[in-house]
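Everything below belongs to query07.txt, which stores compact mmCIF, C-alpha atoms.
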# COMPACT_ATOMS: atom_id res chain seq x y z
CA MET A 1 -14.07 -35.90 0.04
CA THR A 2 -14.96 -33.02 -2.29
CA ASP A 3 -17.66 -32.95 -4.98
CA ARG A 4 -14.98 -34.04 -7.45
CA GLY A 5 -14.33 -37.20 -5.46
CA ILE A 6 -10.79 -36.32 -4.39
CA SER A 7 -9.56 -35.86 -0.85
CA ARG A 8 -9.28 -32.42 0.69
CA THR A 9 -5.53 -32.97 1.03
CA GLU A 10 -5.22 -33.75 -2.67
CA LEU A 11 -7.35 -30.72 -3.58
CA LYS A 12 -5.12 -28.50 -1.49
CA HIS A 13 -2.02 -29.93 -3.18
CA ARG A 14 -3.50 -29.23 -6.61
CA LEU A 15 -4.59 -25.74 -5.55
CA VAL A 16 -1.10 -24.81 -4.35
CA SER A 17 0.40 -26.09 -7.61
CA PHE A 18 -2.19 -24.20 -9.66
CA ALA A 19 -1.61 -20.97 -7.71
CA ARG A 20 2.10 -21.13 -8.43
CA GLU A 21 1.40 -21.96 -12.06
CA ILE A 22 -0.58 -18.73 -12.53
CA GLY A 23 2.08 -16.61 -10.86
CA PHE A 24 1.57 -16.53 -7.10
CA ASP A 25 4.68 -16.98 -4.98
CA SER A 26 2.94 -18.53 -1.99
CA CYS A 27 -0.41 -20.19 -1.31
CA ARG A 28 -1.37 -21.34 2.17
CA ILE A 29 -4.56 -22.08 4.07
CA ALA A 30 -6.07 -20.66 7.27
CA ALA A 31 -9.18 -21.95 8.98
CA CYS A 32 -12.04 -19.48 8.68
CA GLY A 33 -12.96 -18.11 12.09
CA SER A 34 -12.64 -15.04 14.25
CA ALA A 35 -9.53 -12.99 13.51
CA PRO A 36 -6.77 -13.71 16.07
CA HIS A 37 -6.24 -9.99 16.73
CA ALA A 38 -9.89 -8.90 16.57
CA ASP A 39 -9.76 -7.35 20.05
CA ALA A 40 -6.58 -5.43 19.25
CA PHE A 41 -8.20 -4.17 16.06
CA ARG A 42 -11.22 -2.92 17.99
CA ASP A 43 -8.95 -1.18 20.50
CA TRP A 44 -7.11 0.49 17.62
CA LEU A 45 -10.39 1.76 16.20
CA ASN A 46 -11.47 3.06 19.60
CA GLU A 47 -8.19 4.96 19.86
CA CYS A 48 -8.87 6.50 16.41
CA GLY A 49 -5.62 5.02 15.11
CA HIS A 50 -7.30 4.61 11.72
CA GLY A 51 -7.70 8.36 11.23
CA GLU A 52 -10.30 9.21 8.58
CA MET A 53 -10.50 5.69 7.14
CA GLY A 54 -14.18 5.32 8.02
CA TYR A 55 -14.50 2.12 6.02
CA MET A 56 -12.46 0.39 8.75
CA GLU A 57 -15.23 1.07 11.27
CA ARG A 58 -18.05 0.29 8.87
CA GLY A 59 -16.61 -3.14 8.15
CA GLU A 60 -15.55 -3.91 11.73
CA GLY A 61 -17.80 -6.93 12.22
CA LYS A 62 -16.85 -8.54 8.92
CA ARG A 63 -13.16 -7.82 9.42
CA CYS A 64 -13.26 -9.57 12.78
CA ASP A 65 -15.13 -12.61 11.45
CA PRO A 66 -15.21 -13.37 7.67
CA ARG A 67 -18.13 -15.75 8.22
CA LYS A 68 -20.25 -12.59 8.27
CA ILE A 69 -19.21 -12.16 4.62
CA LEU A 70 -19.67 -15.77 3.53
CA PRO A 71 -21.66 -17.59 6.24
CA ASP A 72 -20.68 -21.10 5.13
CA ALA A 73 -16.97 -20.29 4.73
CA ARG A 74 -14.69 -22.95 6.14
CA SER A 75 -11.26 -21.95 4.87
CA ILE A 76 -9.31 -18.90 3.74
CA VAL A 77 -6.86 -19.34 0.91
CA VAL A 78 -4.13 -16.74 1.42
CA LEU A 79 -1.92 -15.87 -1.54
CA ALA A 80 1.23 -13.79 -1.83
CA LEU A 81 2.68 -12.17 -4.94
CA ASN A 82 6.19 -10.72 -5.01
CA TYR A 83 6.49 -7.22 -6.52
CA PHE A 84 10.19 -6.54 -5.91
CA HIS A 85 12.12 -5.38 -8.97
CA GLY A 86 15.26 -3.88 -7.47
CA ASP A 87 16.00 -0.23 -8.06
CA PRO A 88 14.88 1.48 -11.29
CA GLN A 89 17.49 2.52 -13.81
CA ALA A 90 17.26 6.26 -14.25
CA GLY A 91 19.72 8.94 -15.32
CA ASP A 92 20.76 11.90 -13.23
CA PRO A 93 17.57 13.92 -12.62
CA PRO A 94 17.61 17.55 -13.86
CA ALA A 95 15.79 18.75 -10.73
CA ALA A 96 14.25 17.50 -7.50
CA THR A 97 12.29 14.30 -8.02
CA GLY A 98 9.81 12.62 -5.72
CA ARG A 99 9.78 9.17 -4.14
CA ILE A 100 6.93 6.79 -4.82
CA ALA A 101 6.39 3.61 -2.80
CA ARG A 102 7.79 0.62 -4.64
CA TYR A 103 4.44 -1.16 -4.91
CA ALA A 104 3.12 1.70 -7.09
CA TRP A 105 5.98 1.83 -9.60
CA GLY A 106 4.26 -0.46 -12.10
CA ASP A 107 0.77 -1.56 -13.06
CA ASP A 108 -2.11 -1.46 -10.59
CA TYR A 109 -1.85 -4.67 -8.59
CA HIS A 110 -5.60 -4.72 -7.91
CA ASP A 111 -6.41 -5.42 -11.56
CA LEU A 112 -3.61 -7.90 -12.11
CA ILE A 113 -4.28 -9.97 -8.98
CA ALA A 114 -8.07 -9.85 -9.42
CA SER A 115 -7.71 -11.62 -12.76
CA LYS A 116 -5.66 -14.35 -11.07
CA LEU A 117 -8.23 -14.70 -8.29
CA ASP A 118 -10.92 -15.30 -10.91
CA LYS A 119 -8.93 -18.34 -11.98
CA ILE A 120 -8.62 -19.57 -8.38
CA ASP A 121 -12.37 -19.11 -7.95
CA LYS A 122 -13.09 -21.15 -11.08
CA PHE A 123 -10.67 -23.85 -9.92
CA LEU A 124 -12.44 -24.19 -6.56
CA ARG A 125 -15.94 -24.03 -8.07
CA GLU A 126 -15.09 -27.15 -10.03
CA SER A 127 -14.80 -28.91 -6.65
CA GLY A 128 -18.10 -27.55 -5.38
CA GLY A 129 -16.84 -24.50 -3.54
CA ARG A 130 -18.43 -21.07 -3.30
CA GLN A 131 -15.96 -18.23 -2.89
CA LYS A 132 -15.48 -14.56 -2.10
CA CYS A 133 -12.21 -13.10 -3.40
CA TYR A 134 -10.38 -10.00 -2.19
CA VAL A 135 -7.21 -8.13 -2.98
CA ASP A 136 -6.86 -5.24 -0.53
CA THR A 137 -10.46 -4.26 -1.22
CA GLY A 138 -12.63 -6.27 1.15
CA PRO A 139 -13.32 -6.24 4.90
CA VAL A 140 -10.73 -8.85 5.84
CA LEU A 141 -7.86 -8.52 8.35
CA GLU A 142 -5.59 -10.01 5.73
CA ARG A 143 -2.32 -9.94 7.65
CA ASP A 144 -3.95 -11.76 10.56
CA TYR A 145 -5.02 -14.66 8.37
CA ALA A 146 -1.79 -14.58 6.37
CA ALA A 147 0.18 -14.97 9.60
CA GLN A 148 -2.19 -17.69 10.78
CA ALA A 149 -1.60 -19.55 7.49
CA GLY A 150 2.17 -19.16 7.76
CA ILE A 151 2.69 -16.82 4.80
CA GLY A 152 4.92 -14.83 7.16
CA TRP A 153 4.96 -13.30 10.62
CA HIS A 154 3.87 -9.93 11.99
CA GLY A 155 6.81 -7.52 11.87
CA LYS A 156 7.07 -4.77 14.46
CA SER A 157 6.10 -2.27 11.76
CA THR A 158 2.78 -4.22 11.45
CA MET A 159 3.90 -5.38 7.99
CA LEU A 160 4.08 -9.10 7.28
CA ILE A 161 7.55 -10.59 6.76
CA ASP A 162 8.36 -13.71 4.76
CA GLU A 163 11.83 -15.21 5.13
CA HIS A 164 12.15 -15.60 1.34
CA LEU A 165 10.28 -12.53 0.05
CA GLY A 166 11.09 -10.08 2.82
CA THR A 167 8.33 -7.46 2.95
CA TRP A 168 7.89 -6.87 -0.79
CA PHE A 169 4.70 -8.78 -1.59
CA PHE A 170 0.98 -8.29 -2.04
CA LEU A 171 -1.62 -10.36 -0.23
CA ALA A 172 -4.92 -11.70 -1.53
CA GLU A 173 -7.58 -13.86 0.09
CA VAL A 174 -10.18 -16.32 -1.12
CA LEU A 175 -12.92 -17.25 1.34
CA THR A 176 -14.27 -20.65 0.41
CA THR A 177 -16.95 -23.03 1.64
CA LEU A 178 -14.53 -25.90 1.05
CA GLU A 179 -12.79 -27.24 4.13
CA LEU A 180 -9.09 -27.49 3.32
CA PRO A 181 -6.32 -28.66 5.67
CA PRO A 182 -4.91 -25.51 7.35
CA ASP A 183 -1.22 -24.68 7.46
CA GLU A 184 0.77 -23.87 10.56
CA PRO A 185 2.02 -20.37 11.47
CA VAL A 186 5.74 -19.66 11.27
CA PRO A 187 7.72 -18.32 14.24
CA ASP A 188 8.34 -14.62 14.75
CA ARG A 189 11.94 -14.04 13.70
CA CYS A 190 12.31 -10.32 14.39
CA GLY A 191 14.08 -10.92 17.70
CA THR A 192 15.24 -7.69 19.31
CA CYS A 193 15.49 -5.80 16.02
CA GLU A 194 13.62 -2.49 15.93
CA ARG A 195 15.08 -0.95 12.78
CA CYS A 196 11.65 -0.40 11.25
CA ILE A 197 10.49 1.58 14.29
CA LYS A 198 13.59 3.77 14.25
CA ALA A 199 13.34 4.32 10.49
CA CYS A 200 9.82 5.79 10.52
CA PRO A 201 10.18 9.51 9.63
CA THR A 202 7.10 10.59 11.56
CA GLY A 203 7.15 8.25 14.57
CA ALA A 204 3.98 6.54 13.34
CA ILE A 205 5.09 3.18 14.74
CA THR A 206 4.45 4.07 18.36
CA ALA A 207 5.48 0.67 19.77
CA PRO A 208 6.15 -2.80 18.38
CA HIS A 209 3.07 -3.82 16.35
CA ARG A 210 1.34 -0.46 17.00
CA LEU A 211 0.76 2.00 14.18
CA ASP A 212 -0.90 5.39 14.42
CA ALA A 213 -2.12 5.82 10.84
CA ARG A 214 -2.66 9.53 11.41
CA ARG A 215 1.11 10.02 11.40
CA CYS A 216 1.96 7.47 8.71
CA ILE A 217 3.19 8.98 5.43
CA SER A 218 1.32 6.35 3.42
CA TYR A 219 -1.89 7.47 5.12
CA LEU A 220 -1.09 11.17 4.75
CA THR A 221 -0.27 10.93 1.04
CA ILE A 222 -2.91 8.38 0.00
CA GLU A 223 -5.80 7.93 2.44
CA LEU A 224 -6.10 11.48 3.79
CA LYS A 225 -8.32 13.47 1.44
CA GLY A 226 -7.86 16.96 2.85
CA SER A 227 -4.98 19.15 3.98
CA ILE A 228 -1.87 17.52 5.38
CA PRO A 229 -1.23 18.80 8.93
CA LEU A 230 1.35 21.60 8.98
CA ASN A 231 3.55 19.96 11.61
CA LEU A 232 3.86 16.78 9.55
CA ARG A 233 4.54 18.32 6.14
CA PRO A 234 8.31 18.83 6.68
CA LEU A 235 8.65 15.19 7.82
CA ILE A 236 7.25 13.89 4.53
CA GLY A 237 10.41 14.94 2.71
CA ASP A 238 10.32 14.11 -0.99
CA ARG A 239 7.71 11.32 -0.73
CA ILE A 240 4.75 11.86 -3.05
CA PHE A 241 2.89 8.53 -2.84
CA GLY A 242 3.34 6.24 0.10
CA CYS A 243 6.52 5.46 2.04
CA ASP A 244 8.87 2.47 2.13
CA ASP A 245 11.19 3.53 4.94
CA CYS A 246 10.12 0.88 7.45
CA LEU A 247 10.26 -1.77 4.73
CA ASP A 248 13.65 -0.64 3.43
CA ALA A 249 15.03 -0.89 6.96
CA CYS A 250 14.03 -4.54 7.43
CA PRO A 251 17.10 -6.83 7.35
CA TRP A 252 15.01 -9.69 5.96
CA ASN A 253 14.83 -7.82 2.66
CA ARG A 254 18.42 -8.80 1.93
CA PHE A 255 16.90 -12.11 0.79
CA ALA A 256 14.39 -10.47 -1.57
CA GLN A 257 14.39 -11.84 -5.09
CA VAL A 258 13.22 -10.14 -8.27
CA SER A 259 9.57 -10.77 -9.08
CA ARG A 260 8.57 -12.94 -12.01
CA GLU A 261 5.79 -10.44 -12.78
CA ALA A 262 6.95 -7.95 -15.44
CA ALA A 263 3.87 -5.77 -14.88
CA PHE A 264 5.50 -4.45 -11.69
CA PHE A 265 8.49 -2.94 -13.50
CA ALA A 266 8.69 0.82 -12.99
CA HIS A 267 6.76 3.00 -15.42
CA PRO A 268 8.44 6.12 -16.84
CA SER A 269 5.71 8.16 -15.08
CA THR A 270 6.98 7.06 -11.65
CA VAL A 271 10.75 7.30 -12.03
CA GLY A 272 12.98 10.32 -12.49
CA ILE A 273 10.36 12.95 -13.35
CA ALA A 274 11.10 16.39 -11.96
CA LEU A 275 8.58 17.30 -9.27
CA ARG A 276 7.77 20.64 -10.86
CA ASP A 277 6.87 18.91 -14.16
CA TYR A 278 4.02 17.07 -12.44
CA LEU A 279 2.46 20.44 -11.59
CA SER A 280 1.65 21.05 -15.26
CA LEU A 281 -0.66 18.01 -15.40
CA SER A 282 -4.25 18.73 -16.34
CA ASP A 283 -6.92 16.41 -15.00
CA GLU A 284 -7.12 14.67 -18.37
CA ARG A 285 -3.35 14.30 -18.63
CA PHE A 286 -3.15 12.97 -15.07
CA ARG A 287 -5.71 10.27 -15.81
CA GLU A 288 -3.89 9.35 -19.00
CA LEU A 289 -0.47 9.20 -17.34
CA PHE A 290 -1.60 7.06 -14.40
CA ARG A 291 -4.48 5.10 -15.95
CA ASN A 292 -2.80 1.74 -15.18
CA SER A 293 -1.27 2.82 -11.87
CA PRO A 294 -2.52 2.70 -8.27
CA ILE A 295 -1.65 6.40 -8.14
CA LYS A 296 -4.85 7.17 -10.05
CA ARG A 297 -6.90 6.47 -6.92
CA ILE A 298 -5.84 9.71 -5.20
CA LYS A 299 -6.76 11.79 -8.26
CA ARG A 300 -4.96 14.89 -9.49
CA ARG A 301 -5.88 16.97 -6.44
CA GLY A 302 -4.30 14.51 -4.00
CA PHE A 303 -1.23 13.82 -6.08
CA LEU A 304 -0.41 17.47 -6.79
CA ARG A 305 -1.02 18.28 -3.12
CA ASN A 306 1.72 15.76 -2.32
CA VAL A 307 4.00 17.14 -5.03
CA CYS A 308 3.67 20.63 -3.59
CA VAL A 309 4.61 19.40 -0.10
CA ALA A 310 7.66 17.59 -1.49
CA LEU A 311 8.76 20.71 -3.36
CA GLY A 312 8.33 22.71 -0.18
CA ASN A 313 10.80 20.33 1.45
CA VAL A 314 13.39 19.74 -1.28
CA GLY A 315 12.71 22.33 -3.98
CA ASP A 316 14.77 25.42 -4.81
CA PRO A 317 14.10 28.81 -6.42
CA SER A 318 14.00 27.23 -9.89
CA ASP A 319 10.74 25.55 -8.82
CA LEU A 320 9.00 28.75 -7.80
CA ALA A 321 7.49 29.60 -11.19
CA ALA A 322 5.71 26.24 -11.39
CA LEU A 323 4.54 26.56 -7.79
CA GLU A 324 3.24 30.09 -8.35
CA ARG A 325 1.10 28.78 -11.20
CA ALA A 326 -0.11 25.97 -8.94
CA ALA A 327 -0.97 28.56 -6.28
CA THR A 328 -3.69 29.85 -8.61
CA ASP A 329 -5.05 26.37 -9.41
CA ALA A 330 -8.83 26.06 -9.43
CA GLU A 331 -8.51 23.22 -6.92
CA PRO A 332 -8.19 24.86 -3.46
CA LEU A 333 -6.29 21.91 -1.99
CA ILE A 334 -3.51 22.26 -4.56
CA ALA A 335 -3.38 26.04 -4.27
CA GLU A 336 -3.10 25.88 -0.48
CA HIS A 337 -0.17 23.46 -0.48
CA ALA A 338 1.54 25.31 -3.32
CA LYS A 339 1.49 28.53 -1.27
CA TRP A 340 2.98 26.66 1.68
CA ALA A 341 5.72 25.27 -0.54
CA ILE A 342 6.59 28.71 -1.93
CA HIS A 343 6.93 30.08 1.58
CA GLN A 344 9.16 27.16 2.59
CA ILE A 345 11.49 27.59 -0.39
CA ARG A 346 11.73 31.35 0.07
CA SER A 347 12.46 30.96 3.77
CA ARG A 348 15.08 28.28 3.14
CA HIS A 349 16.88 30.13 0.36
CA GLY A 350 16.41 33.66 1.62
CA THR A 351 14.71 34.86 -1.56
CA SER A 352 12.34 37.83 -1.58
CA PRO A 353 8.60 37.52 -2.24
CA ASP A 354 7.51 37.50 -5.88
CA LYS A 355 6.20 40.65 -7.46
CA THR A 356 2.72 39.22 -7.86
CA GLY A 357 2.30 39.20 -4.08
CA LEU A 358 1.01 35.63 -4.15
CA ILE A 359 3.07 34.68 -1.14
CA ARG A 360 3.84 36.84 1.83
CA GLY A 361 4.53 34.29 4.50
CA ASP A 362 1.21 32.55 3.78
CA ARG A 363 0.88 29.44 5.98
CA ASN A 364 -2.61 28.36 4.92
Turn the structure described in the file into structure tokens.
Amino acid sequence: MTDRGISRTELKHRLVSFAREIGFDSCRIAACGSAPHADAFRDWLNECGHGEMGYMERGEGKRCDPRKILPDARSIVVLALNYFHGDPQAGDPPAATGRIARYAWGDDYHDLIASKLDKIDKFLRESGGRQKCYVDTGPVLERDYAAQAGIGWHGKSTMLIDEHLGTWFFLAEVLTTLELPPDEPVPDRCGTCERCIKACPTGAITAPHRLDARRCISYLTIELKGSIPLNLRPLIGDRIFGCDDCLDACPWNRFAQVSREAAFFAHPSTVGIALRDYLSLSDERFRELFRNSPIKRIKRRGFLRNVCVALGNVGDPSDLAALERAATDAEPLIAEHAKWAIHQIRSRHGTSPDKTGLIRGDRN
């Protein structure tokens, strides 16, 4: 029995109903214990598969056992929220535009889901529980516990797959001291399919369930803070924030339904804007444009770095003037990638160097 005098089974039933009432698409329970793939995670860290994401190493112990976060935790409430909104409606673009991962088209999911988790926390506190809540921000191997709870199964891309939502959903976790009846995992239904592996532009999925983050476009355009390696820049194509290729390739996404959450509709700032127009953004204008977007986390320097790489891959001579201005930007990271992009466009289109002498085959 809980402090409210109801059975744990009844509390779980009410929790699931409440979670759906406030907008979550799935709510399931995992027992709180060591992560099922803790050893594989440690091996991945030892192989440096996490690249420069030092926080992965710093939180290793907690990620492998959430009881090091909340010592009396008994259960993990795992929640899923669908963000799929189909394809945005946009007119014919006047120039090359960049691709942004679908999850970042709308409002920042961290803020929206955090407010919902506050309500879950309050709900459980009324039954005597103490909680720790996370949405992609805490040291929890969330896909491990989501799979353990039966939210979905581990796809070969390492993404979680739900038979009703496909791959288009966010995960959140609530560690609680309440002991709730755990749910059962669901079977792996990928079979022999390897479309996600074949779809990866950079070969970052090195084997089923093995990802080398150092080659992943999402890592390169979001997590990596410095220069993007020269050999990987051409493989990024027109992607300027994240990559959905392995998700797009998954056949389970044919069952994806449109999210009930209007906040995930695409913003004008993320759809149909010419790449070169982004290069005119001042720091203040960047913050204003993306103030409610997850894109704000990589700051102007990271975003314009990505824009320059995309222009180097898909731009044409009409983009050179904007890139030449970017090549003199006070931020060295932007200037470096702008110079690379100018060289790529000139080489591809056979145009002569500009009179200013900014670019003469510079491969910085």
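Each of A:Ile6, A:Gly203, A:Glu126, A:Thr177 was compared to Asp72 in chain A using all atoms listed in the file, and A:Thr177 turns out to be the nearest.
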(message) Just want the 7 Å neighbourhood of Arg287 in chain A, counted on only C-alpha atoms, with same-chain residues fewer than 4 positions away dropped. Output as a count of residues only.
(response) 3
Each range 50-88 of chain A residue no farther than 10 Å from range 181-200 of chain A, nearest pair in Å, all atoms listed in the file, as CSV:
residue,atom,partner,partner_atom,distance
A:Ser75,CA,A:Pro182,CA,7.7
A:Ile76,CA,A:Pro182,CA,8.7
A:Val77,CA,A:Pro182,CA,9.1
(message) Please report the interatomic distance between CA of His337 in chain A and CA of His50 in chain A in Å with one decimal.
(response) 23.6 Å
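With all atoms listed in the file as the atoms that count, the residue of A:Leu165, A:Ala35, A:Ala30, A:Leu79 with the shortest distance to Leu247 in chain A is A:Leu165.
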Contacts between range 141-154 of chain A and range 4-36 of chain A, please, where a residue of range 4-36 of chain A counts if it comes within 8 Å (with only C-alpha atoms); show its shortest atom pair and distance in Å to one decimal, rows by chain and ascending number, as JSON lines.
{"residue": "A:Ser26", "atom": "CA", "partner": "A:Ile151", "partner_atom": "CA", "distance": 7.0}
{"residue": "A:Cys27", "atom": "CA", "partner": "A:Ile151", "partner_atom": "CA", "distance": 7.6}
{"residue": "A:Arg28", "atom": "CA", "partner": "A:Ala149", "partner_atom": "CA", "distance": 5.6}
{"residue": "A:Ile29", "atom": "CA", "partner": "A:Ala149", "partner_atom": "CA", "distance": 5.2}
{"residue": "A:Ala30", "atom": "CA", "partner": "A:Ala149", "partner_atom": "CA", "distance": 4.6}
{"residue": "A:Ala35", "atom": "CA", "partner": "A:Asp144", "partner_atom": "CA", "distance": 6.4}
{"residue": "A:Pro36", "atom": "CA", "partner": "A:Asp144", "partner_atom": "CA", "distance": 6.5}
(request) Would you please work out which residue, of A:Thr202, A:Thr137, A:Ser127, A:Asn306, is nearest to Asp111 in chain A when using all atoms listed in the file? (result)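 Checking each of A:Thr202, A:Thr137, A:Ser127, A:Asn306 against Asp111 in chain A, counting all atoms listed in the file, the winner is A:Thr137.
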(request) Using CA of Gly302 in chain A and CA of Gly49 in chain A as the two end points, give the distance in Å to one decimal. (result)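 Between CA of Gly302 in chain A and CA of Gly49 in chain A the gap is 21.4 Å.
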(request) Using only C-alpha atoms, find the one residue out of A:Lys119, A:Arg63, A:Arg74, A:His37 that sits nearest to Leu15 in chain A. (result) A:Lys119
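Note that the spacing between CA of Val258 in chain A and CA of Ser17 in chain A amounts to 20.5 Å.
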(message) Env of Arg297 in chain A: 10 Å cut, atoms = only C-alpha atoms, seq-sep filter 6 positions within chain, self excluded. Answer as a VMD selection string.
(response) chain A and resid 108 222 to 223 287 290 to 291 303
Neighbouring residues of Glu60 in chain A were defined as those with any atom within 10 Å, considering all atoms listed in the file; residues of the same chain fewer than 4 positions away were excluded. Please report them as a PDB file with C-alpha atoms, keeping the file's coordinate frame.
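The resulting around-v7.pdb:
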ATOM      1  CA  ALA A  38      -9.890  -8.900  16.570  1.00  0.00           C
ATOM      2  CA  PHE A  41      -8.200  -4.170  16.060  1.00  0.00           C
ATOM      3  CA  ARG A  42     -11.220  -2.920  17.990  1.00  0.00           C
ATOM      4  CA  LEU A  45     -10.390   1.760  16.200  1.00  0.00           C
ATOM      5  CA  TYR A  55     -14.500   2.120   6.020  1.00  0.00           C
ATOM      6  CA  MET A  56     -12.460   0.390   8.750  1.00  0.00           C
ATOM      7  CA  CYS A  64     -13.260  -9.570  12.780  1.00  0.00           C
ATOM      8  CA  ASP A  65     -15.130 -12.610  11.450  1.00  0.00           C
ATOM      9  CA  PRO A 139     -13.320  -6.240   4.900  1.00  0.00           C
ATOM     10  CA  VAL A 140     -10.730  -8.850   5.840  1.00  0.00           C
ATOM     11  CA  LEU A 141      -7.860  -8.520   8.350  1.00  0.00           C
TER      12      LEU A 141
END
(message) Excluding Thr351 in chain A and its own-chain neighbours fewer than 5 positions away, which residues fall within 9 Å of it when counting only C-alpha atoms? Please give them as a PyMOL selection string.
(response) chain A and resi 317+345-346
(message) Give me the residues near Ile228 in chain A as number ranges by chain, where near means some atom within 12 Å (using only C-alpha atoms) and where sequence neighbours in that chain fewer than 4 positions away do not count.
(response) A: 214-224, 232-236, 302, 305-310, 333-334, 336-337, 340, 364
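Comparing the minimum interatomic distances between Arg130 in chain A and each of A:Ala262, A:Leu304, A:Ala73, A:Ile240, counting only C-alpha atoms, we find that A:Ala73 sits nearest.
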(message) Using only C-alpha atoms, can you tell me which of A:Gly86, A:Ala322, A:Ala256, A:Lys225 comes closest to Arg300 in chain A?
(response)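 With only C-alpha atoms as the atom set, the closest residue is A:Lys225.
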